[in-house]
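Notes to accompany the following structure.
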Amino acid sequence: MKILHVVGARPNFMKVAPVHRALSHRSNVNQIVVHTGQHYDFNMSDVFFQQLGLQPPDINLHAGTGSHAQQTGEIMINLEPLVIQEKPDWVLVYGDVNSTVAAALVCSKLNTPIGHIEAGLRSFDRSMPEEVNRVVTDRLADLLFTPSEDGDRNLINEGVSPAKIHLVGNVMIDTLVRMLPVADDHVITDLPSRFVLVTLHRPSNVDDPVWLQELLTSLRTVGEEVPVIFSVHPRTRKQIDKLGDGHAARGLTLLDPLPYLSFLVLQRRATAIITDSGGIQEEATYLGTPCLTVRENTERPVTTEIGTNVLVGRNSSRLLEELTSILQGRFRRHSIPPLWDGRAAERIADILAGSRQENEADLAHAQLLR
Ligand code: UD1
């Protein structure tokens with residue numbers, strides 16, 4: 001069985017690693033990892049391959065950055081001949097980034113079966129580019145691997161055949177579970193005993209200069225009480241640079257994007273996390289670290305229902321109020337969602353292997369009838 005994985009942006013790399021590993025332990029599975037080139041800086045891409053023990057990608061499409069149409073189109077144009085040449089049995093796509101939807105569009109037109117890992121999540125907010133990517137990818141996929149029951153419900157409500165949907169758990173948490181013991185040996189010196197960890201990169205937060213300025217002012221206010229460590233995404237860095245207001249302040253440290261292990265150590269040790277990332281809502285839930293999400297909605301409701309996540313919306317007073325409660329030791333108890341146990345990728349590998357047996361059985365049956 002030939003499997004072609006398509007990845008391109010930072011959160012994809014934590015998701016492909018366990019699936020690739022699980023499939024590499026199966027017999028007769030040939031794997032090709034294609035990097036679209038959506039993310040290209042060393043600390044947004046290569047360092048994750050290194051730290052997660054993934055071989056460098058077999059092929060890089062070097063699509064790079066651009067408008068949504070440019071980026072998606074470039075990935076499609078570069079990927080199509082490869083899929084035609086390689087004729088994979090399955091193409092696996094991950095999450096909700098432009099690389100995901102681009103690959104799904106290419107493969108569906110070539111009648112190449114698509115497996116979507118992290119299917120079914122919905123924010124019900126079509127102003128988010130990721131929501132459009134999720135809806136389209138799920139519509140086109142042949143196998144939909146969901147991380148939580150809400151994913152199954154959303155897909156059923158959209159009329160997806162239940163036979164295609166498999167609740168497998170969370171592959172990003174597979175990576176977290178595997179890397180936690182490694183993180184134990186990863187020492188970061190001079191880390192304060194209490195600190196707030198921040199990541200913000202959604203266009204809705206960082207592309208609006210007035211709101212970004214308000215957020216930075218809030219972070220400076222927090223920094224007067226407890227140190228704030230802000231890992232700054234390249235998109236955010238560009239926008240902060242445009243504000244040009246000498247953003248650094250006592251108590252507020254701005255860092256370049258951090259490698260996986262350092263960020264894991266920080267998430268684990270943080271007193272609180274402020275974010276707008278999807279994956280960090282999940283990782284904070286698993287680690288039990290209180291998390292405040294600067295968004296009006298989440299496609300990961302399980303993190304707010306039973307996890308540590310609280311949506312504070314686009315409201316800096318609410319952000320500061322919630323943070324004050326956490327710093328005073330008042331936050332909710334949490335539990336880990338079902339099947340977030342480090343074995344999601346094994347379940348995916350079982351299902352893909354089963355699909356091969358079904359295909360082989362179909363072929364044998366067809367030959368008998370001939
Ligand atoms: C993308 C995903 C988003 C995901 C995020 C994780 C889409 C629509 N968005 O957003 O869902 O949460 O990745 O990081 O797919 N840049 C660099 N170096 C890099 C990568 C990007 O400097 O290695 C800069 C580019 O100049 C670009 C900007 O960051 O203009 C944004 O990159 P892009 O891939 O378009 O979107 P993200 O904001 O990273």
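Residues in the structure tokens are named by chain (A, B, ... in the order shown) and by number from 1 within that chain; ligands are numbered from 1 in the order shown.
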
Hey, could you make a per-residue contact list for chain A against ligand 1 with 9 Å as the cut-off, showing the nearest pair of atoms and its distance in Å to one decimal, counting only C-alpha atoms and all ligand atoms, sorted by chain and number, as a tab-separated table?
```
residue	atom	partner	partner_atom_place_in_ligand_line	distance
A:Gly8	CA	ligand 1	34 (O)	8.3
A:Ala9	CA	ligand 1	13 (O)	5.3
A:Arg10	CA	ligand 1	14 (O)	5.2
A:Pro11	CA	ligand 1	6 (C)	5.8
A:Asn12	CA	ligand 1	6 (C)	8.5
A:Gly37	CA	ligand 1	23 (O)	8.3
A:Gln38	CA	ligand 1	34 (O)	5.2
A:His39	CA	ligand 1	23 (O)	3.7
A:Tyr40	CA	ligand 1	23 (O)	3.9
A:Asp41	CA	ligand 1	23 (O)	3.8
A:Phe42	CA	ligand 1	23 (O)	7.1
A:Asn43	CA	ligand 1	23 (O)	7.3
A:Met44	CA	ligand 1	23 (O)	4.9
A:Ser45	CA	ligand 1	23 (O)	6.7
A:Gly64	CA	ligand 1	34 (O)	7.5
A:Thr65	CA	ligand 1	35 (O)	5.3
A:Gly66	CA	ligand 1	35 (O)	6.3
A:Ser67	CA	ligand 1	35 (O)	7.2
A:His68	CA	ligand 1	8 (C)	6.9
A:Gln71	CA	ligand 1	35 (O)	7.5
A:Thr72	CA	ligand 1	15 (O)	8.7
A:Gly95	CA	ligand 1	11 (O)	8.3
A:Asp96	CA	ligand 1	11 (O)	6.1
A:Val97	CA	ligand 1	15 (O)	3.3
A:Asn98	CA	ligand 1	15 (O)	3.9
A:Ser99	CA	ligand 1	15 (O)	6.4
A:Thr100	CA	ligand 1	15 (O)	7.9
A:Val101	CA	ligand 1	15 (O)	8.9
A:Met128	CA	ligand 1	8 (C)	8.3
A:Pro129	CA	ligand 1	8 (C)	5.4
A:Glu130	CA	ligand 1	11 (O)	5.5
A:Asn133	CA	ligand 1	8 (C)	7.7
A:His201	CA	ligand 1	38 (O)	6.0
A:Arg202	CA	ligand 1	38 (O)	6.4
A:Pro203	CA	ligand 1	38 (O)	6.9
A:His233	CA	ligand 1	14 (O)	6.9
A:Pro234	CA	ligand 1	22 (O)	4.6
A:Arg235	CA	ligand 1	29 (O)	4.0
A:Thr236	CA	ligand 1	29 (O)	7.7
A:Arg237	CA	ligand 1	29 (O)	8.6
A:Lys238	CA	ligand 1	29 (O)	8.0
A:Asp276	CA	ligand 1	12 (O)	8.5
A:Ser277	CA	ligand 1	12 (O)	6.0
A:Gly278	CA	ligand 1	12 (O)	7.0
A:Gly279	CA	ligand 1	12 (O)	8.2
```

Inset, instruction - Per DSSP on the backbone, filter range 148-345 of chain A down to the residues in helix (DSSP H, G or I) and report them as a ChimeraX atom specification. - result: /A:149-157,162-164,171-184,203-206,209-223,234-243,260-269,278-287,302-305,316-327,344-345

Residues from the last selection, C-alpha atoms, saved as a PDB file, in the first residue's frame:
```
ATOM      1  CA  GLU A 149     -17.426  12.919  19.370  1.00  0.00           C
ATOM      2  CA  ASP A 150     -18.483  16.436  18.376  1.00  0.00           C
ATOM      3  CA  GLY A 151     -16.628  15.822  15.098  1.00  0.00           C
ATOM      4  CA  ASP A 152     -18.763  12.759  14.398  1.00  0.00           C
ATOM      5  CA  ARG A 153     -21.948  14.671  15.208  1.00  0.00           C
ATOM      6  CA  ASN A 154     -21.016  17.557  12.903  1.00  0.00           C
ATOM      7  CA  LEU A 155     -20.271  15.225  10.021  1.00  0.00           C
ATOM      8  CA  ILE A 156     -23.491  13.229  10.468  1.00  0.00           C
ATOM      9  CA  ASN A 157     -25.436  16.519  10.575  1.00  0.00           C
ATOM     10  CA  PRO A 162     -21.340   7.121   8.990  1.00  0.00           C
ATOM     11  CA  ALA A 163     -19.359   4.354   7.243  1.00  0.00           C
ATOM     12  CA  LYS A 164     -16.676   6.901   6.363  1.00  0.00           C
ATOM     13  CA  VAL A 171      -2.944  12.524  16.902  1.00  0.00           C
ATOM     14  CA  MET A 172      -1.458  15.790  18.186  1.00  0.00           C
ATOM     15  CA  ILE A 173      -1.853  14.380  21.690  1.00  0.00           C
ATOM     16  CA  ASP A 174      -0.086  11.184  20.501  1.00  0.00           C
ATOM     17  CA  THR A 175       2.960  13.337  19.859  1.00  0.00           C
ATOM     18  CA  LEU A 176       2.587  15.112  23.189  1.00  0.00           C
ATOM     19  CA  VAL A 177       2.379  11.811  25.074  1.00  0.00           C
ATOM     20  CA  ARG A 178       5.452  10.465  23.305  1.00  0.00           C
ATOM     21  CA  MET A 179       7.478  13.637  23.801  1.00  0.00           C
ATOM     22  CA  LEU A 180       6.661  14.325  27.470  1.00  0.00           C
ATOM     23  CA  PRO A 181       9.454  12.067  28.812  1.00  0.00           C
ATOM     24  CA  VAL A 182      11.865  13.703  26.355  1.00  0.00           C
ATOM     25  CA  ALA A 183      10.734  17.120  27.584  1.00  0.00           C
ATOM     26  CA  ASP A 184      11.629  16.034  31.149  1.00  0.00           C
ATOM     27  CA  PRO A 203      -5.559  37.257  11.348  1.00  0.00           C
ATOM     28  CA  SER A 204      -8.601  38.291  13.441  1.00  0.00           C
ATOM     29  CA  ASN A 205      -6.245  39.187  16.313  1.00  0.00           C
ATOM     30  CA  VAL A 206      -3.025  40.285  14.686  1.00  0.00           C
ATOM     31  CA  PRO A 209      -3.629  47.113  14.372  1.00  0.00           C
ATOM     32  CA  VAL A 210      -6.021  48.729  16.864  1.00  0.00           C
ATOM     33  CA  TRP A 211      -6.918  45.425  18.494  1.00  0.00           C
ATOM     34  CA  LEU A 212      -3.325  44.167  18.364  1.00  0.00           C
ATOM     35  CA  GLN A 213      -2.209  47.342  20.139  1.00  0.00           C
ATOM     36  CA  GLU A 214      -4.891  46.804  22.795  1.00  0.00           C
ATOM     37  CA  LEU A 215      -3.754  43.203  23.270  1.00  0.00           C
ATOM     38  CA  LEU A 216      -0.116  44.281  23.657  1.00  0.00           C
ATOM     39  CA  THR A 217      -1.136  46.927  26.177  1.00  0.00           C
ATOM     40  CA  SER A 218      -3.009  44.246  28.155  1.00  0.00           C
ATOM     41  CA  LEU A 219       0.025  41.970  28.063  1.00  0.00           C
ATOM     42  CA  ARG A 220       2.198  44.792  29.389  1.00  0.00           C
ATOM     43  CA  THR A 221      -0.304  45.266  32.221  1.00  0.00           C
ATOM     44  CA  VAL A 222      -0.091  41.539  33.031  1.00  0.00           C
ATOM     45  CA  GLY A 223       3.708  41.762  32.838  1.00  0.00           C
ATOM     46  CA  PRO A 234       6.152  35.465  11.811  1.00  0.00           C
ATOM     47  CA  ARG A 235       2.756  36.895  10.805  1.00  0.00           C
ATOM     48  CA  THR A 236       2.463  38.518  14.237  1.00  0.00           C
ATOM     49  CA  ARG A 237       6.054  39.767  14.185  1.00  0.00           C
ATOM     50  CA  LYS A 238       5.396  41.617  10.924  1.00  0.00           C
ATOM     51  CA  GLN A 239       2.294  43.270  12.370  1.00  0.00           C
ATOM     52  CA  ILE A 240       4.001  44.211  15.642  1.00  0.00           C
ATOM     53  CA  ASP A 241       6.904  45.704  13.685  1.00  0.00           C
ATOM     54  CA  LYS A 242       4.410  47.811  11.724  1.00  0.00           C
ATOM     55  CA  LEU A 243       3.045  49.249  14.989  1.00  0.00           C
ATOM     56  CA  TYR A 260       8.490  21.860  19.889  1.00  0.00           C
ATOM     57  CA  LEU A 261      10.302  20.714  23.037  1.00  0.00           C
ATOM     58  CA  SER A 262      10.949  24.173  24.458  1.00  0.00           C
ATOM     59  CA  PHE A 263       7.356  25.137  23.863  1.00  0.00           C
ATOM     60  CA  LEU A 264       6.130  21.936  25.507  1.00  0.00           C
ATOM     61  CA  VAL A 265       8.216  22.652  28.606  1.00  0.00           C
ATOM     62  CA  LEU A 266       6.798  26.179  28.734  1.00  0.00           C
ATOM     63  CA  GLN A 267       3.199  24.977  28.309  1.00  0.00           C
ATOM     64  CA  ARG A 268       3.651  22.508  31.109  1.00  0.00           C
ATOM     65  CA  ARG A 269       5.248  24.965  33.521  1.00  0.00           C
ATOM     66  CA  GLY A 278      -6.376  25.446  18.006  1.00  0.00           C
ATOM     67  CA  GLY A 279      -3.701  22.934  18.943  1.00  0.00           C
ATOM     68  CA  ILE A 280      -2.632  24.781  22.083  1.00  0.00           C
ATOM     69  CA  GLN A 281      -6.203  24.684  23.449  1.00  0.00           C
ATOM     70  CA  GLU A 282      -5.890  20.891  23.186  1.00  0.00           C
ATOM     71  CA  GLU A 283      -2.368  20.581  24.553  1.00  0.00           C
ATOM     72  CA  ALA A 284      -3.207  22.831  27.515  1.00  0.00           C
ATOM     73  CA  THR A 285      -6.242  20.651  28.221  1.00  0.00           C
ATOM     74  CA  TYR A 286      -4.118  17.519  28.246  1.00  0.00           C
ATOM     75  CA  LEU A 287      -1.452  19.132  30.438  1.00  0.00           C
ATOM     76  CA  VAL A 302     -14.403  19.628  24.176  1.00  0.00           C
ATOM     77  CA  THR A 303     -11.565  21.830  25.497  1.00  0.00           C
ATOM     78  CA  THR A 304     -14.047  24.266  27.039  1.00  0.00           C
ATOM     79  CA  GLU A 305     -16.575  21.627  28.162  1.00  0.00           C
ATOM     80  CA  SER A 316      -9.438  42.699  26.966  1.00  0.00           C
ATOM     81  CA  SER A 317     -11.228  43.383  30.285  1.00  0.00           C
ATOM     82  CA  ARG A 318     -12.576  39.831  30.282  1.00  0.00           C
ATOM     83  CA  LEU A 319      -9.083  38.541  29.452  1.00  0.00           C
ATOM     84  CA  LEU A 320      -7.592  40.418  32.399  1.00  0.00           C
ATOM     85  CA  GLU A 321     -10.412  39.354  34.778  1.00  0.00           C
ATOM     86  CA  GLU A 322     -10.057  35.678  33.882  1.00  0.00           C
ATOM     87  CA  LEU A 323      -6.303  35.882  34.171  1.00  0.00           C
ATOM     88  CA  THR A 324      -6.522  37.504  37.595  1.00  0.00           C
ATOM     89  CA  SER A 325      -8.715  34.599  38.786  1.00  0.00           C
ATOM     90  CA  ILE A 326      -6.181  32.059  37.530  1.00  0.00           C
ATOM     91  CA  LEU A 327      -3.287  33.914  39.157  1.00  0.00           C
ATOM     92  CA  ALA A 344      -4.917   7.592  17.846  1.00  0.00           C
ATOM     93  CA  ALA A 345      -2.377   6.987  15.072  1.00  0.00           C
TER      94      ALA A 345
END
```

Inset, instruction - Skip Val168 in chain A itself and residues of its chain fewer than 2 positions away, then list as a list in words all residues within 6 Å of it, counting only C-alpha atoms. - result: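 With the cut-off at 6 Å, the set is Thr146, Pro147, His166, Ala344 and Arg347 of chain A.
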
Selected residues written out with N, CA and C atoms, as a PDB file, in the first residue's frame:
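Heads up, here's the output in part-v1.pdb:
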```pdb
ATOM      1  N   THR A 146     -11.864  11.353  13.201  1.00  0.00           N
ATOM      2  CA  THR A 146     -12.234  12.460  14.088  1.00  0.00           C
ATOM      3  C   THR A 146     -11.517  12.335  15.440  1.00  0.00           C
ATOM      4  N   PRO A 147     -11.234  13.501  16.070  1.00  0.00           N
ATOM      5  CA  PRO A 147     -10.544  13.468  17.367  1.00  0.00           C
ATOM      6  C   PRO A 147     -11.493  13.393  18.557  1.00  0.00           C
ATOM      7  N   HIS A 166     -14.571   7.727  11.436  1.00  0.00           N
ATOM      8  CA  HIS A 166     -13.928   6.895  12.457  1.00  0.00           C
ATOM      9  C   HIS A 166     -13.437   7.791  13.599  1.00  0.00           C
ATOM     10  N   ALA A 344      -4.036   7.247  18.976  1.00  0.00           N
ATOM     11  CA  ALA A 344      -4.917   7.592  17.846  1.00  0.00           C
ATOM     12  C   ALA A 344      -4.315   7.125  16.516  1.00  0.00           C
ATOM     13  N   ARG A 347      -4.772   3.540  15.760  1.00  0.00           N
ATOM     14  CA  ARG A 347      -6.141   3.238  15.292  1.00  0.00           C
ATOM     15  C   ARG A 347      -6.276   3.584  13.805  1.00  0.00           C
TER      16      ARG A 347
END
```

Inset, instruction - May I have all residues of range 101-223 of chain A that DSSP, computed from the backbone, assigns to strand (DSSP E or B), given as an NGL selection string? - result: :A and (114-117 or 143-146 or 165-167 or 196-198)

Inset, instruction - Go through A:Gln31, A:Thr112, A:Thr275, A:Gln70 and flag the residue nearest Asp58 in chain A, using only C-alpha atoms for the distances. - result: A:Gln31

Legend entry - Within 10 Å of Leu191 in chain A using only C-alpha atoms, minus same-chain residues under 3 positions, as a PyMOL selection string: chain A and resi 187-188+194-195+227+229+266+269-270

Take the residues from that selection and write them out as an mmCIF file, in the first residue's frame, keeping N, CA, C and O atoms.
```cif
data_model
loop_
_atom_site.group_PDB
_atom_site.id
_atom_site.type_symbol
_atom_site.label_atom_id
_atom_site.label_comp_id
_atom_site.auth_asym_id
_atom_site.auth_seq_id
_atom_site.Cartn_x
_atom_site.Cartn_y
_atom_site.Cartn_z
ATOM 1 N N VAL A 187 16.120 21.006 29.529
ATOM 2 C CA VAL A 187 16.204 22.019 30.585
ATOM 3 C C VAL A 187 16.184 23.424 29.974
ATOM 4 O O VAL A 187 16.894 23.700 29.011
ATOM 5 N N ILE A 188 15.328 24.273 30.534
ATOM 6 C CA ILE A 188 15.375 25.691 30.141
ATOM 7 C C ILE A 188 15.802 26.457 31.389
ATOM 8 O O ILE A 188 15.111 26.401 32.419
ATOM 9 N N ARG A 194 6.642 31.446 38.234
ATOM 10 C CA ARG A 194 5.294 31.738 37.720
ATOM 11 C C ARG A 194 5.442 32.593 36.468
ATOM 12 O O ARG A 194 6.198 33.566 36.470
ATOM 13 N N PHE A 195 4.705 32.243 35.417
ATOM 14 C CA PHE A 195 4.733 33.083 34.214
ATOM 15 C C PHE A 195 3.514 32.769 33.360
ATOM 16 O O PHE A 195 2.870 31.719 33.517
ATOM 17 N N PRO A 227 5.710 37.634 35.015
ATOM 18 C CA PRO A 227 6.392 37.668 33.715
ATOM 19 C C PRO A 227 5.543 37.055 32.607
ATOM 20 O O PRO A 227 4.851 36.061 32.817
ATOM 21 N N ILE A 229 5.761 35.551 28.689
ATOM 22 C CA ILE A 229 6.650 35.064 27.624
ATOM 23 C C ILE A 229 5.798 34.874 26.377
ATOM 24 O O ILE A 229 4.855 34.093 26.375
ATOM 25 N N LEU A 266 7.440 24.935 28.290
ATOM 26 C CA LEU A 266 6.798 26.179 28.734
ATOM 27 C C LEU A 266 5.301 25.968 28.989
ATOM 28 O O LEU A 266 4.753 26.471 29.971
ATOM 29 N N ARG A 269 4.863 24.225 32.313
ATOM 30 C CA ARG A 269 5.248 24.965 33.521
ATOM 31 C C ARG A 269 4.484 26.277 33.672
ATOM 32 O O ARG A 269 4.545 26.913 34.734
ATOM 33 N N ALA A 270 3.788 26.707 32.632
ATOM 34 C CA ALA A 270 3.139 28.032 32.684
ATOM 35 C C ALA A 270 2.039 28.056 33.752
ATOM 36 O O ALA A 270 1.354 27.054 33.978
#
```

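Proximity to Val29 in chain A was assessed for A:Pro88, A:Gly169, A:Pro113, A:Gly307 counting only C-alpha atoms; the smallest distance is recorded for A:Pro88.
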
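CA of Asn78 in chain A to CA of Val91 in chain A spans 15.1 Å [interatomic distance, one decimal].
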
Legend entry - Who sits within 8 Å of Val16 in chain A, only C-alpha atoms, same chain under 5 positions skipped, as a list in words: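 After dropping sequence-adjacent residues, the list is His5, Val7, Tyr94 and Val171 of chain A.
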
Export, as a PDB file, in the first residue's frame, the selected residues with all heavy atoms.
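Output (again.pdb):
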```
ATOM      1  N   HIS A   5       1.593  11.369   2.339  1.00  0.00           N
ATOM      2  CA  HIS A   5       1.165  12.341   3.357  1.00  0.00           C
ATOM      3  C   HIS A   5       1.428  13.738   2.800  1.00  0.00           C
ATOM      4  O   HIS A   5       2.534  13.994   2.312  1.00  0.00           O
ATOM      5  CB  HIS A   5       1.991  12.215   4.632  1.00  0.00           C
ATOM      6  CG  HIS A   5       2.030  10.850   5.237  1.00  0.00           C
ATOM      7  ND1 HIS A   5       1.178  10.457   6.254  1.00  0.00           N
ATOM      8  CD2 HIS A   5       2.825   9.777   5.000  1.00  0.00           C
ATOM      9  CE1 HIS A   5       1.471   9.219   6.605  1.00  0.00           C
ATOM     10  NE2 HIS A   5       2.456   8.777   5.872  1.00  0.00           N
ATOM     11  N   VAL A   7       1.762  17.601   4.019  1.00  0.00           N
ATOM     12  CA  VAL A   7       1.833  18.531   5.148  1.00  0.00           C
ATOM     13  C   VAL A   7       2.432  19.839   4.656  1.00  0.00           C
ATOM     14  O   VAL A   7       3.046  19.874   3.587  1.00  0.00           O
ATOM     15  CB  VAL A   7       2.698  17.964   6.306  1.00  0.00           C
ATOM     16  CG1 VAL A   7       2.032  16.771   6.945  1.00  0.00           C
ATOM     17  CG2 VAL A   7       4.100  17.587   5.819  1.00  0.00           C
ATOM     18  N   TYR A  94      -3.989  16.656   6.752  1.00  0.00           N
ATOM     19  CA  TYR A  94      -4.000  16.901   8.193  1.00  0.00           C
ATOM     20  C   TYR A  94      -4.575  18.276   8.517  1.00  0.00           C
ATOM     21  O   TYR A  94      -4.162  19.277   7.911  1.00  0.00           O
ATOM     22  CB  TYR A  94      -2.563  16.821   8.729  1.00  0.00           C
ATOM     23  CG  TYR A  94      -1.977  15.434   8.587  1.00  0.00           C
ATOM     24  CD1 TYR A  94      -1.436  15.007   7.366  1.00  0.00           C
ATOM     25  CD2 TYR A  94      -2.008  14.535   9.638  1.00  0.00           C
ATOM     26  CE1 TYR A  94      -0.930  13.727   7.218  1.00  0.00           C
ATOM     27  CE2 TYR A  94      -1.501  13.248   9.497  1.00  0.00           C
ATOM     28  CZ  TYR A  94      -0.972  12.852   8.291  1.00  0.00           C
ATOM     29  OH  TYR A  94      -0.483  11.576   8.146  1.00  0.00           O
ATOM     30  N   VAL A 171      -4.331  12.865  17.252  1.00  0.00           N
ATOM     31  CA  VAL A 171      -2.944  12.524  16.902  1.00  0.00           C
ATOM     32  C   VAL A 171      -1.935  13.547  17.442  1.00  0.00           C
ATOM     33  O   VAL A 171      -0.771  13.216  17.690  1.00  0.00           O
ATOM     34  CB  VAL A 171      -2.748  12.362  15.378  1.00  0.00           C
ATOM     35  CG1 VAL A 171      -3.425  11.113  14.862  1.00  0.00           C
ATOM     36  CG2 VAL A 171      -3.195  13.586  14.612  1.00  0.00           C
TER      37      VAL A 171
END
```

Inset, instruction - Excluding Lys87 in chain A and residues on its chain fewer than 2 positions from it, collect all residues at most 10 Å away from it, counting only C-alpha atoms, and give them as a PyMOL selection string. - result: chain A and resi 2-4+81-85+89-91+110+112

Inset, instruction - Have a look at A:Leu143, A:Val47, A:Arg126, A:Arg21 and name the one nearest to Ile114 in chain A; count only C-alpha atoms. - result: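 Counting only C-alpha atoms, the residue closest to Ile114 in chain A is A:Leu143.
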
Legend entry - Residue among A:Leu61, A:Leu121, A:Ala353, A:Val135 lying closest to Glu299 in chain A, counting only C-alpha atoms: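 Among the listed residues, A:Leu121 lies closest to Glu299 in chain A.
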
Inset, instruction - Take CA of Thr199 in chain A and CA of Thr293 in chain A and report the distance between them in Å, one decimal. - result: 9.8 Å
